[in-house]
>>> print(open('query25.cif').read())   # mmCIF, C-alpha atoms
data_structure
loop_
_atom_site.group_PDB
_atom_site.id
_atom_site.type_symbol
_atom_site.label_atom_id
_atom_site.label_comp_id
_atom_site.auth_asym_id
_atom_site.auth_seq_id
_atom_site.Cartn_x
_atom_site.Cartn_y
_atom_site.Cartn_z
ATOM 1 C CA MET X 1 149.127 97.901 -103.197
ATOM 2 C CA ALA X 2 151.831 97.059 -100.693
ATOM 3 C CA THR X 3 154.667 94.554 -100.571
ATOM 4 C CA ILE X 4 155.335 92.281 -97.634
ATOM 5 C CA ILE X 5 158.922 91.094 -97.424
ATOM 6 C CA VAL X 6 159.954 87.801 -95.868
ATOM 7 C CA GLU X 7 163.681 87.278 -95.405
ATOM 8 C CA VAL X 8 164.925 83.797 -94.587
ATOM 9 C CA MET X 9 168.448 83.101 -93.318
ATOM 10 C CA LEU X 10 170.209 79.953 -92.187
ATOM 11 C CA LYS X 11 170.663 79.957 -88.419
ATOM 12 C CA PRO X 12 174.135 81.229 -87.436
ATOM 13 C CA GLU X 13 175.224 77.780 -86.220
ATOM 14 C CA ILE X 14 174.313 76.090 -89.541
ATOM 15 C CA LEU X 15 177.167 75.835 -92.029
ATOM 16 C CA ASP X 16 176.510 77.911 -95.173
ATOM 17 C CA PRO X 17 178.693 76.488 -97.969
ATOM 18 C CA GLN X 18 177.137 78.826 -100.568
ATOM 19 C CA GLY X 19 177.988 81.907 -98.509
ATOM 20 C CA GLN X 20 181.506 80.559 -97.998
ATOM 21 C CA ALA X 21 181.933 80.068 -101.753
ATOM 22 C CA VAL X 22 180.845 83.672 -102.366
ATOM 23 C CA ALA X 23 183.209 84.881 -99.632
ATOM 24 C CA SER X 24 186.146 83.110 -101.258
ATOM 25 C CA ALA X 25 185.229 84.414 -104.754
ATOM 26 C CA LEU X 26 185.173 88.087 -103.716
ATOM 27 C CA PRO X 27 188.947 88.484 -103.133
ATOM 28 C CA ARG X 28 189.623 86.894 -106.519
ATOM 29 C CA LEU X 29 187.822 89.903 -108.036
ATOM 30 C CA GLY X 30 189.796 92.335 -105.908
ATOM 31 C CA PHE X 31 187.051 92.870 -103.303
ATOM 32 C CA ASN X 32 188.718 92.549 -99.935
ATOM 33 C CA PHE X 33 186.031 93.971 -97.646
ATOM 34 C CA ALA X 34 184.298 90.739 -96.583
ATOM 35 C CA LYS X 35 185.145 89.027 -93.331
ATOM 36 C CA SER X 36 182.401 86.493 -94.026
ATOM 37 C CA VAL X 37 179.276 86.097 -96.176
ATOM 38 C CA ARG X 38 175.958 84.391 -95.368
ATOM 39 C CA GLN X 39 173.460 83.791 -98.170
ATOM 40 C CA GLY X 40 169.692 83.804 -97.658
ATOM 41 C CA LYS X 41 166.363 84.122 -99.457
ATOM 42 C CA ARG X 42 164.013 87.070 -99.878
ATOM 43 C CA PHE X 43 160.310 86.771 -100.767
ATOM 44 C CA GLU X 44 158.389 89.800 -102.057
ATOM 45 C CA ILE X 45 154.655 89.285 -101.571
ATOM 46 C CA GLU X 46 152.267 91.786 -103.128
ATOM 47 C CA VAL X 47 148.920 92.418 -101.425
ATOM 48 C CA ASP X 48 146.022 94.748 -102.201
ATOM 49 C CA GLY X 49 145.913 97.876 -100.033
ATOM 50 C CA GLU X 50 147.785 98.317 -96.793
ATOM 51 C CA PRO X 51 148.529 95.006 -95.050
ATOM 52 C CA THR X 52 146.288 94.354 -92.067
ATOM 53 C CA HIS X 53 147.418 92.839 -88.770
ATOM 54 C CA ALA X 54 145.478 89.702 -89.661
ATOM 55 C CA GLN X 55 147.261 89.473 -93.003
ATOM 56 C CA LEU X 56 150.661 89.907 -91.405
ATOM 57 C CA ALA X 57 149.810 87.197 -88.884
ATOM 58 C CA GLU X 58 148.962 84.896 -91.783
ATOM 59 C CA VAL X 59 152.237 85.707 -93.509
ATOM 60 C CA GLU X 60 154.026 84.846 -90.250
ATOM 61 C CA GLN X 61 152.250 81.475 -90.278
ATOM 62 C CA ALA X 62 153.207 80.879 -93.910
ATOM 63 C CA ALA X 63 156.804 81.843 -93.161
ATOM 64 C CA GLU X 64 156.881 79.350 -90.295
ATOM 65 C CA LYS X 65 155.136 76.557 -92.197
ATOM 66 C CA LEU X 66 156.402 76.854 -95.780
ATOM 67 C CA LEU X 67 158.802 79.709 -96.559
ATOM 68 C CA SER X 68 161.328 78.687 -93.902
ATOM 69 C CA ASN X 69 162.352 75.456 -92.224
ATOM 70 C CA PRO X 70 162.546 76.334 -88.506
ATOM 71 C CA VAL X 71 164.982 73.456 -87.940
ATOM 72 C CA ILE X 72 167.728 75.285 -89.839
ATOM 73 C CA GLU X 73 166.417 78.762 -90.680
ATOM 74 C CA THR X 74 165.070 81.960 -89.160
ATOM 75 C CA TYR X 75 162.784 84.502 -90.848
ATOM 76 C CA VAL X 76 161.821 88.168 -90.581
ATOM 77 C CA VAL X 77 158.558 89.651 -91.899
ATOM 78 C CA LYS X 78 158.558 93.334 -92.898
ATOM 79 C CA VAL X 79 156.322 95.689 -94.860
ATOM 80 C CA GLN X 80 158.044 97.568 -97.653
ATOM 81 C CA ALA X 81 157.430 101.295 -97.359
ATOM 82 C CA MET Q 7 152.633 42.209 -99.889
ATOM 83 C CA ARG Q 8 151.638 45.517 -101.443
ATOM 84 C CA ILE Q 9 154.368 48.153 -101.185
ATOM 85 C CA GLY Q 10 153.617 51.619 -102.583
ATOM 86 C CA VAL Q 11 155.990 54.031 -104.291
ATOM 87 C CA VAL Q 12 154.910 57.666 -104.571
ATOM 88 C CA THR Q 13 155.525 59.576 -107.801
ATOM 89 C CA PHE Q 14 155.850 63.335 -107.309
ATOM 90 C CA PRO Q 15 156.400 65.799 -110.166
ATOM 91 C CA GLY Q 16 160.163 65.440 -110.609
ATOM 92 C CA SER Q 17 160.630 62.021 -109.011
ATOM 93 C CA LEU Q 18 163.375 60.099 -110.827
ATOM 94 C CA ASP Q 19 163.891 56.830 -109.004
ATOM 95 C CA ASP Q 20 160.271 55.784 -108.627
ATOM 96 C CA SER Q 21 160.481 53.123 -111.354
ATOM 97 C CA SER Q 22 163.731 51.783 -109.875
ATOM 98 C CA ALA Q 23 162.069 51.529 -106.454
ATOM 99 C CA LEU Q 24 159.074 49.700 -107.951
ATOM 100 C CA ARG Q 25 161.479 47.312 -109.668
ATOM 101 C CA ALA Q 26 163.438 46.709 -106.450
ATOM 102 C CA ILE Q 27 160.207 45.783 -104.653
ATOM 103 C CA ARG Q 28 159.330 43.362 -107.436
ATOM 104 C CA LEU Q 29 162.788 41.741 -107.434
ATOM 105 C CA ALA Q 30 162.580 41.368 -103.654
ATOM 106 C CA GLY Q 31 159.345 39.390 -104.131
ATOM 107 C CA GLY Q 32 156.789 42.080 -103.282
ATOM 108 C CA ASP Q 33 153.833 43.510 -105.165
ATOM 109 C CA PRO Q 34 154.791 47.074 -106.186
ATOM 110 C CA VAL Q 35 152.003 49.666 -106.326
ATOM 111 C CA SER Q 36 152.330 53.104 -107.934
ATOM 112 C CA LEU Q 37 150.932 55.945 -105.835
ATOM 113 C CA PHE Q 38 150.375 59.485 -107.095
ATOM 114 C CA HIS Q 39 151.150 62.676 -105.192
ATOM 115 C CA ALA Q 40 147.864 64.395 -106.081
ATOM 116 C CA SER Q 41 145.663 61.663 -104.574
ATOM 117 C CA ASP Q 42 145.345 60.866 -100.879
ATOM 118 C CA ASP Q 43 144.577 57.202 -101.702
ATOM 119 C CA LEU Q 44 147.153 54.772 -100.287
ATOM 120 C CA LYS Q 45 145.502 51.923 -102.260
ATOM 121 C CA GLU Q 46 145.696 49.551 -99.292
ATOM 122 C CA VAL Q 47 149.488 49.286 -99.416
ATOM 123 C CA GLN Q 48 151.196 47.938 -96.301
ATOM 124 C CA ALA Q 49 154.261 50.164 -96.544
ATOM 125 C CA VAL Q 50 155.418 53.030 -98.713
ATOM 126 C CA VAL Q 51 158.639 54.246 -100.334
ATOM 127 C CA LEU Q 52 159.261 57.931 -101.081
ATOM 128 C CA PRO Q 53 161.755 57.749 -103.957
ATOM 129 C CA GLY Q 54 164.684 59.913 -105.009
ATOM 130 C CA GLY Q 55 164.643 62.694 -107.545
ATOM 131 C CA PHE Q 56 164.051 66.424 -107.582
ATOM 132 C CA SER Q 57 160.400 66.820 -106.685
ATOM 133 C CA TYR Q 58 159.089 70.268 -107.644
ATOM 134 C CA GLY Q 59 162.563 71.027 -109.001
ATOM 135 C CA ASP Q 60 163.867 71.263 -105.420
ATOM 136 C CA TYR Q 61 162.325 74.761 -105.439
ATOM 137 C CA LEU Q 62 162.212 76.626 -102.115
ATOM 138 C CA ARG Q 63 163.969 73.780 -100.262
ATOM 139 C CA CYS Q 64 164.331 70.107 -101.213
ATOM 140 C CA GLY Q 65 161.095 68.358 -100.261
ATOM 141 C CA ALA Q 66 159.431 71.524 -98.920
ATOM 142 C CA ILE Q 67 156.592 71.628 -101.451
ATOM 143 C CA SER Q 68 156.112 67.840 -101.768
ATOM 144 C CA ARG Q 69 155.539 67.712 -98.044
ATOM 145 C CA PHE Q 70 152.119 69.338 -98.620
ATOM 146 C CA ALA Q 71 150.996 66.946 -101.402
ATOM 147 C CA PRO Q 72 147.658 65.220 -100.693
ATOM 148 C CA ILE Q 73 149.342 61.783 -100.520
ATOM 149 C CA MET Q 74 151.669 63.097 -97.795
ATOM 150 C CA GLU Q 75 148.747 64.043 -95.572
ATOM 151 C CA SER Q 76 147.656 60.368 -95.649
ATOM 152 C CA ILE Q 77 151.218 59.119 -95.163
ATOM 153 C CA ILE Q 78 151.922 61.434 -92.206
ATOM 154 C CA VAL Q 79 148.790 60.280 -90.352
ATOM 155 C CA ALA Q 80 149.538 56.608 -91.103
ATOM 156 C CA ALA Q 81 153.228 56.942 -90.144
ATOM 157 C CA GLU Q 82 152.287 58.367 -86.765
ATOM 158 C CA HIS Q 83 150.358 55.115 -86.190
ATOM 159 C CA GLY Q 84 153.265 52.837 -87.116
ATOM 160 C CA PHE Q 85 152.869 52.493 -90.899
ATOM 161 C CA PRO Q 86 156.321 51.724 -92.394
ATOM 162 C CA VAL Q 87 157.778 54.497 -94.571
ATOM 163 C CA LEU Q 88 161.168 54.564 -96.290
ATOM 164 C CA GLY Q 89 162.446 57.857 -97.725
ATOM 165 C CA ILE Q 90 165.346 57.589 -100.140
ATOM 166 C CA CYS Q 91 167.385 60.730 -100.945
ATOM 167 C CA ASN Q 92 164.700 63.265 -101.953
ATOM 168 C CA GLY Q 93 162.312 61.042 -99.977
ATOM 169 C CA PHE Q 94 164.490 61.530 -96.884
ATOM 170 C CA GLN Q 95 164.360 65.293 -97.482
ATOM 171 C CA ILE Q 96 160.549 65.126 -97.705
ATOM 172 C CA LEU Q 97 160.445 63.208 -94.391
ATOM 173 C CA THR Q 98 162.515 65.854 -92.573
ATOM 174 C CA GLU Q 99 160.381 68.631 -94.080
ATOM 175 C CA SER Q 100 157.302 66.706 -92.862
ATOM 176 C CA HIS Q 101 158.841 66.544 -89.376
ATOM 177 C CA LEU Q 102 158.422 62.770 -89.406
ATOM 178 C CA LEU Q 103 162.210 62.707 -89.001
ATOM 179 C CA PRO Q 104 164.336 65.271 -87.142
ATOM 180 C CA GLY Q 105 167.100 67.438 -88.564
ATOM 181 C CA ALA Q 106 167.537 68.756 -92.097
ATOM 182 C CA LEU Q 107 169.559 68.069 -95.245
ATOM 183 C CA ILE Q 108 171.499 71.019 -96.584
ATOM 184 C CA ARG Q 109 173.895 71.776 -99.451
ATOM 185 C CA ASN Q 110 176.940 69.479 -99.493
ATOM 186 C CA GLN Q 111 179.930 70.925 -97.694
ATOM 187 C CA ASP Q 112 182.055 71.377 -100.840
ATOM 188 C CA LEU Q 113 179.019 72.344 -102.998
ATOM 189 C CA HIS Q 114 179.651 69.352 -105.286
ATOM 190 C CA PHE Q 115 176.964 67.058 -106.557
ATOM 191 C CA VAL Q 116 178.390 63.766 -105.295
ATOM 192 C CA CYS Q 117 177.730 60.657 -107.400
ATOM 193 C CA THR Q 118 179.705 57.641 -106.222
ATOM 194 C CA ASP Q 119 179.543 54.089 -104.897
ATOM 195 C CA GLN Q 120 179.617 54.741 -101.163
ATOM 196 C CA PRO Q 121 180.746 52.329 -98.439
ATOM 197 C CA LEU Q 122 178.391 52.426 -95.452
ATOM 198 C CA THR Q 123 177.902 50.646 -92.160
ATOM 199 C CA VAL Q 124 174.476 49.483 -91.031
ATOM 200 C CA GLU Q 125 174.073 50.701 -87.456
ATOM 201 C CA ASN Q 126 170.499 49.742 -86.636
ATOM 202 C CA THR Q 127 169.021 46.398 -87.715
ATOM 203 C CA SER Q 128 165.820 46.625 -85.672
ATOM 204 C CA THR Q 129 163.824 48.730 -88.161
ATOM 205 C CA PRO Q 130 161.373 47.028 -90.542
ATOM 206 C CA TRP Q 131 163.568 48.265 -93.416
ATOM 207 C CA THR Q 132 166.920 46.954 -92.119
ATOM 208 C CA ASN Q 133 166.145 43.774 -90.164
ATOM 209 C CA GLY Q 134 167.851 41.589 -92.792
ATOM 210 C CA TYR Q 135 171.279 43.151 -92.216
ATOM 211 C CA THR Q 136 173.693 42.286 -89.447
ATOM 212 C CA GLN Q 137 174.742 44.926 -86.936
ATOM 213 C CA GLY Q 138 177.799 46.787 -88.222
ATOM 214 C CA GLN Q 139 177.550 45.202 -91.687
ATOM 215 C CA ARG Q 140 179.533 47.030 -94.338
ATOM 216 C CA ILE Q 141 177.620 47.645 -97.565
ATOM 217 C CA VAL Q 142 178.278 49.571 -100.802
ATOM 218 C CA VAL Q 143 175.370 51.606 -102.199
ATOM 219 C CA PRO Q 144 175.391 54.589 -104.603
ATOM 220 C CA ILE Q 145 174.860 58.137 -103.406
ATOM 221 C CA LYS Q 146 173.858 60.871 -105.834
ATOM 222 C CA ASN Q 147 172.869 64.223 -104.383
ATOM 223 C CA GLY Q 148 173.788 67.873 -104.017
ATOM 224 C CA GLU Q 149 172.023 68.461 -100.716
ATOM 225 C CA GLY Q 150 172.816 65.468 -98.553
ATOM 226 C CA SER Q 151 174.563 67.049 -95.601
ATOM 227 C CA PHE Q 152 172.654 65.986 -92.488
ATOM 228 C CA GLN Q 153 172.423 68.704 -89.842
ATOM 229 C CA ALA Q 154 170.650 68.725 -86.497
ATOM 230 C CA SER Q 155 170.956 70.520 -83.183
ATOM 231 C CA ALA Q 156 173.409 69.120 -80.614
ATOM 232 C CA GLU Q 157 170.501 67.857 -78.478
ATOM 233 C CA THR Q 158 168.844 66.117 -81.419
ATOM 234 C CA LEU Q 159 172.125 64.470 -82.457
ATOM 235 C CA GLN Q 160 172.693 63.253 -78.912
ATOM 236 C CA GLN Q 161 169.163 61.862 -78.784
ATOM 237 C CA LEU Q 162 169.594 60.063 -82.132
ATOM 238 C CA GLU Q 163 172.861 58.504 -80.899
ATOM 239 C CA ASP Q 164 171.556 57.612 -77.415
ATOM 240 C CA GLU Q 165 168.428 55.966 -78.822
ATOM 241 C CA GLY Q 166 170.318 54.072 -81.547
ATOM 242 C CA ARG Q 167 168.373 55.829 -84.282
ATOM 243 C CA VAL Q 168 171.309 56.257 -86.662
ATOM 244 C CA VAL Q 169 170.482 53.581 -89.249
ATOM 245 C CA LEU Q 170 173.321 54.096 -91.750
ATOM 246 C CA ARG Q 171 176.682 55.806 -91.382
ATOM 247 C CA TYR Q 172 179.201 56.763 -94.088
ATOM 248 C CA ALA Q 173 182.269 54.525 -93.849
ATOM 249 C CA ASP Q 174 185.843 55.466 -94.859
ATOM 250 C CA LYS Q 175 185.031 59.015 -95.947
ATOM 251 C CA ASN Q 176 182.298 61.542 -95.217
ATOM 252 C CA PRO Q 177 181.148 62.680 -98.688
ATOM 253 C CA ASN Q 178 179.195 65.809 -97.762
ATOM 254 C CA GLY Q 179 179.861 67.109 -94.246
ATOM 255 C CA SER Q 180 176.989 65.243 -92.578
ATOM 256 C CA GLN Q 181 177.218 65.467 -88.797
ATOM 257 C CA ASN Q 182 178.436 62.259 -87.127
ATOM 258 C CA ASN Q 183 178.807 60.722 -90.641
ATOM 259 C CA ILE Q 184 175.051 60.162 -90.638
ATOM 260 C CA ALA Q 185 173.656 58.681 -93.872
ATOM 261 C CA GLY Q 186 170.292 57.527 -92.512
ATOM 262 C CA ILE Q 187 168.095 57.759 -89.403
ATOM 263 C CA SER Q 188 164.780 56.500 -88.048
ATOM 264 C CA ASN Q 189 161.991 57.968 -85.966
ATOM 265 C CA ALA Q 190 161.652 56.914 -82.303
ATOM 266 C CA ARG Q 191 159.300 54.060 -83.161
ATOM 267 C CA GLY Q 192 161.538 52.834 -86.001
ATOM 268 C CA ASN Q 193 158.826 52.567 -88.654
ATOM 269 C CA VAL Q 194 159.955 55.707 -90.514
ATOM 270 C CA VAL Q 195 163.459 55.512 -92.005
ATOM 271 C CA GLY Q 196 165.221 58.075 -94.201
ATOM 272 C CA VAL Q 197 168.474 57.377 -96.044
ATOM 273 C CA MET Q 198 170.473 59.503 -98.494
ATOM 274 C CA PRO Q 199 172.074 56.481 -100.298
ATOM 275 C CA HIS Q 200 170.010 54.671 -102.939
ATOM 276 C CA PRO Q 201 169.436 51.019 -101.988
ATOM 277 C CA GLU Q 202 167.120 50.627 -105.015
ATOM 278 C CA GLN Q 203 170.177 51.229 -107.251
ATOM 279 C CA ALA Q 204 172.130 48.345 -105.692
ATOM 280 C CA ILE Q 205 169.905 45.329 -106.198
ATOM 281 C CA GLU Q 206 171.722 43.290 -108.851
ATOM 282 C CA ASP Q 207 175.223 43.021 -110.270
ATOM 283 C CA LEU Q 208 174.180 44.019 -113.794
ATOM 284 C CA THR Q 209 173.022 47.522 -112.893
ATOM 285 C CA GLY Q 210 174.622 48.339 -109.539
ATOM 286 C CA PRO Q 211 177.889 48.144 -107.618
ATOM 287 C CA SER Q 212 176.493 45.374 -105.388
ATOM 288 C CA GLU Q 213 173.284 43.629 -104.358
ATOM 289 C CA ASP Q 214 173.559 45.142 -100.886
ATOM 290 C CA GLY Q 215 170.543 47.428 -101.264
ATOM 291 C CA LEU Q 216 168.061 44.640 -101.961
ATOM 292 C CA THR Q 217 168.000 43.797 -98.249
ATOM 293 C CA PHE Q 218 166.010 47.000 -97.543
ATOM 294 C CA PHE Q 219 163.211 45.563 -99.678
ATOM 295 C CA THR Q 220 163.435 41.957 -98.460
ATOM 296 C CA SER Q 221 163.531 43.297 -94.883
ATOM 297 C CA ILE Q 222 160.212 45.109 -95.203
ATOM 298 C CA LEU Q 223 158.551 42.046 -96.769
ATOM 299 C CA HIS Q 224 159.924 39.893 -93.950
ATOM 300 C CA SER Q 225 158.659 42.277 -91.282
ATOM 301 C CA LEU Q 226 155.185 42.463 -92.866
ATOM 302 C CA VAL Q 227 154.937 38.655 -92.977
ATOM 303 C CA GLY Q 228 155.839 38.552 -89.308
ATOM 304 C CA ARG Q 229 152.963 40.818 -88.340
#
>>> encode(input="query25.cif", output="structure tokens")
Amino acid sequence: MATIIVEVMLKPEILDPQGQAVASALPRLGFNFAKSVRQGKRFEIEVDGEPTHAQLAEVEQAAEKLLSNPVIETYVVKVQA
Amino acid sequence: MRIGVVTFPGSLDDSSALRAIRLAGGDPVSLFHASDDLKEVQAVVLPGGFSYGDYLRCGAISRFAPIMESIIVAAEHGFPVLGICNGFQILTESHLLPGALIRNQDLHFVCTDQPLTVENTSTPWTNGYTQGQRIVVPIKNGEGSFQASAETLQQLEDEGRVVLRYADKNPNGSQNNIAGISNARGNVVGVMPHPEQAIEDLTGPSEDGLTFFTSILHSLVGR
């Protein structure tokens, strides 16, 4: 069994109010390391056996069609080692 | 005049939309997300609410409902569609309308009676208004901030496709104060404010929203 990871992030030019809220909460807890924070989504998709090229191509399609909205988001597909 | 209203799992304002159609003088028809049958309606309203719990992204899962496949094909051939709030989000996810609606700038769920100006009175849903008319209609959403690329915004402005704009104050960070837009043909309109909640003095802040529903009836009669 393997896990395919899809990470979805808002495009850099799209305002991320959730990330901003996290960034402003960190210093209140004494964490002063963050210059900025962007928040995204991570999907963990389990498949039987090692993922094939065809399977990964399908995941790419699903990421484009459903898991992300290409108008505002970008995605990355990876296989978890 | 048969006007459909689609109920998705999690729709909230479907009964209000049906009622608005009835008060405007139309024949409201309930449509169900899991069927692709448009029941011979002449126009359709996608109502507000939180379809599929707003999971993934608002409207992202509803966009693939069987009824939407029928609506997308019909809309591309000029069938009138009005998306209200969550309905607007479903229309952008369907790519029937450009841009996207994201989390409000200050993260607040905004529920208020919102002054608006009507910017485009040539759509079948807004032909009863006068250009620049100021109306007051409730907004109630957490993800109503309209965002689009610079080119898309320019195109919307150049082609007069901004239908409604927030007046006085921008409640959510929407670009260009945009509260509603149309597709190039004008038959598909999406608005974040809730015209179906402003149809009579007893239950709303005004009767300003009723004109959306009388407009569509008027435009269907004229066909």
>>> interface_residues(input="query25.cif", of="chain X", to="chain Q", cutoff="12 Å", atoms="all atoms listed in the file", output="list of chain:residue names")
X:Val8, X:Leu10, X:Lys11, X:Pro12, X:Glu13, X:Ile14, X:Leu15, X:Asp16, X:Pro17, X:Gln18, X:Gly19, X:Gln20, X:Ala21, X:Val22, X:Gly40, X:Lys41, X:Arg42, X:Phe43, X:Ala63, X:Glu64, X:Lys65, X:Leu66, X:Leu67, X:Ser68, X:Asn69, X:Pro70, X:Val71, X:Ile72, X:Glu73
>>> atom_distance(input="query25.cif", atom1="CA of Ala26 (chain Q)", atom2="CA of Leu223 (chain Q)")
11.8 Å
>>> residues_around(input="query25.cif", residues="Glu213 (chain Q)", least_positions_apart="3", cutoff="12 Å", atoms="all atoms listed in the file", output="PyMOL selection string")
chain Q and resi 26+29-30+141-144+200-210+216-220
>>> resolve_selection(input="query25.cif", expression="the PyMOL selection byres ((chain X and resi 36) around 8)", output="number ranges by chain")
X: 19-20, 23, 34-35, 37-38
>>> atom_distance(input="query25.cif", atom1="CA of Leu44 (chain Q)", atom2="CA of Val11 (chain Q)")
9.7 Å
>>> resolve_selection(input="query25.cif", expression="the PyMOL selection byres ((chain X and resi 1) around 10)", output="VMD selection string")
chain X and resid 2 to 3 46 to 51
>>> decode(input="query25.cif", residues="region 93-115 of chain Q", atoms="N, CA and C atoms", output="PDB file, in the first residue's frame")
ATOM      1  N   GLY Q  93     -25.297  29.489  -4.318  1.00  0.00           N
ATOM      2  CA  GLY Q  93     -25.563  29.265  -5.740  1.00  0.00           C
ATOM      3  C   GLY Q  93     -24.540  29.958  -6.623  1.00  0.00           C
ATOM      4  N   PHE Q  94     -24.136  31.162  -6.233  1.00  0.00           N
ATOM      5  CA  PHE Q  94     -23.083  31.902  -6.943  1.00  0.00           C
ATOM      6  C   PHE Q  94     -21.772  31.113  -6.867  1.00  0.00           C
ATOM      7  N   GLN Q  95     -21.482  30.578  -5.671  1.00  0.00           N
ATOM      8  CA  GLN Q  95     -20.256  29.791  -5.498  1.00  0.00           C
ATOM      9  C   GLN Q  95     -20.279  28.551  -6.392  1.00  0.00           C
ATOM     10  N   ILE Q  96     -21.454  27.917  -6.510  1.00  0.00           N
ATOM     11  CA  ILE Q  96     -21.578  26.736  -7.376  1.00  0.00           C
ATOM     12  C   ILE Q  96     -21.339  27.137  -8.837  1.00  0.00           C
ATOM     13  N   LEU Q  97     -21.829  28.314  -9.235  1.00  0.00           N
ATOM     14  CA  LEU Q  97     -21.649  28.771 -10.621  1.00  0.00           C
ATOM     15  C   LEU Q  97     -20.189  29.066 -10.943  1.00  0.00           C
ATOM     16  N   THR Q  98     -19.428  29.602  -9.979  1.00  0.00           N
ATOM     17  CA  THR Q  98     -17.997  29.831 -10.264  1.00  0.00           C
ATOM     18  C   THR Q  98     -17.258  28.493 -10.290  1.00  0.00           C
ATOM     19  N   GLU Q  99     -17.624  27.579  -9.399  1.00  0.00           N
ATOM     20  CA  GLU Q  99     -16.989  26.253  -9.417  1.00  0.00           C
ATOM     21  C   GLU Q  99     -17.314  25.504 -10.719  1.00  0.00           C
ATOM     22  N   SER Q 100     -18.488  25.776 -11.286  1.00  0.00           N
ATOM     23  CA  SER Q 100     -18.893  25.146 -12.549  1.00  0.00           C
ATOM     24  C   SER Q 100     -18.244  25.808 -13.748  1.00  0.00           C
ATOM     25  N   HIS Q 101     -17.558  26.914 -13.517  1.00  0.00           N
ATOM     26  CA  HIS Q 101     -16.953  27.723 -14.583  1.00  0.00           C
ATOM     27  C   HIS Q 101     -17.994  28.323 -15.523  1.00  0.00           C
ATOM     28  N   LEU Q 102     -19.240  28.419 -15.046  1.00  0.00           N
ATOM     29  CA  LEU Q 102     -20.239  29.172 -15.817  1.00  0.00           C
ATOM     30  C   LEU Q 102     -20.013  30.669 -15.591  1.00  0.00           C
ATOM     31  N   LEU Q 103     -19.417  30.999 -14.453  1.00  0.00           N
ATOM     32  CA  LEU Q 103     -19.031  32.384 -14.159  1.00  0.00           C
ATOM     33  C   LEU Q 103     -17.549  32.397 -13.786  1.00  0.00           C
ATOM     34  N   PRO Q 104     -16.846  33.480 -14.122  1.00  0.00           N
ATOM     35  CA  PRO Q 104     -15.412  33.542 -13.827  1.00  0.00           C
ATOM     36  C   PRO Q 104     -15.146  33.933 -12.376  1.00  0.00           C
ATOM     37  N   GLY Q 105     -13.896  33.789 -11.968  1.00  0.00           N
ATOM     38  CA  GLY Q 105     -13.489  34.208 -10.630  1.00  0.00           C
ATOM     39  C   GLY Q 105     -13.808  33.162  -9.588  1.00  0.00           C
ATOM     40  N   ALA Q 106     -13.679  33.556  -8.317  1.00  0.00           N
ATOM     41  CA  ALA Q 106     -13.929  32.646  -7.198  1.00  0.00           C
ATOM     42  C   ALA Q 106     -14.338  33.470  -5.998  1.00  0.00           C
ATOM     43  N   LEU Q 107     -15.001  32.779  -5.032  1.00  0.00           N
ATOM     44  CA  LEU Q 107     -15.413  33.447  -3.789  1.00  0.00           C
ATOM     45  C   LEU Q 107     -14.649  32.815  -2.648  1.00  0.00           C
ATOM     46  N   ILE Q 108     -13.880  33.644  -1.939  1.00  0.00           N
ATOM     47  CA  ILE Q 108     -13.031  33.111  -0.879  1.00  0.00           C
ATOM     48  C   ILE Q 108     -13.448  33.688   0.467  1.00  0.00           C
ATOM     49  N   ARG Q 109     -12.790  33.203   1.526  1.00  0.00           N
ATOM     50  CA  ARG Q 109     -13.072  33.627   2.897  1.00  0.00           C
ATOM     51  C   ARG Q 109     -13.074  35.157   3.010  1.00  0.00           C
ATOM     52  N   ASN Q 110     -14.060  35.691   3.731  1.00  0.00           N
ATOM     53  CA  ASN Q 110     -14.151  37.143   3.909  1.00  0.00           C
ATOM     54  C   ASN Q 110     -12.860  37.691   4.508  1.00  0.00           C
ATOM     55  N   GLN Q 111     -12.530  38.907   4.084  1.00  0.00           N
ATOM     56  CA  GLN Q 111     -11.250  39.504   4.438  1.00  0.00           C
ATOM     57  C   GLN Q 111     -10.976  39.469   5.943  1.00  0.00           C
ATOM     58  N   ASP Q 112     -11.993  39.787   6.769  1.00  0.00           N
ATOM     59  CA  ASP Q 112     -11.754  39.846   8.213  1.00  0.00           C
ATOM     60  C   ASP Q 112     -12.148  38.540   8.906  1.00  0.00           C
ATOM     61  N   LEU Q 113     -12.430  37.502   8.133  1.00  0.00           N
ATOM     62  CA  LEU Q 113     -12.819  36.170   8.610  1.00  0.00           C
ATOM     63  C   LEU Q 113     -14.197  36.121   9.266  1.00  0.00           C
ATOM     64  N   HIS Q 114     -14.900  37.262   9.337  1.00  0.00           N
ATOM     65  CA  HIS Q 114     -16.219  37.268   9.961  1.00  0.00           C
ATOM     66  C   HIS Q 114     -17.282  36.704   9.031  1.00  0.00           C
ATOM     67  N   PHE Q 115     -18.254  36.030   9.656  1.00  0.00           N
ATOM     68  CA  PHE Q 115     -19.494  35.745   8.935  1.00  0.00           C
ATOM     69  C   PHE Q 115     -20.286  37.044   8.967  1.00  0.00           C
TER      70      PHE Q 115
END
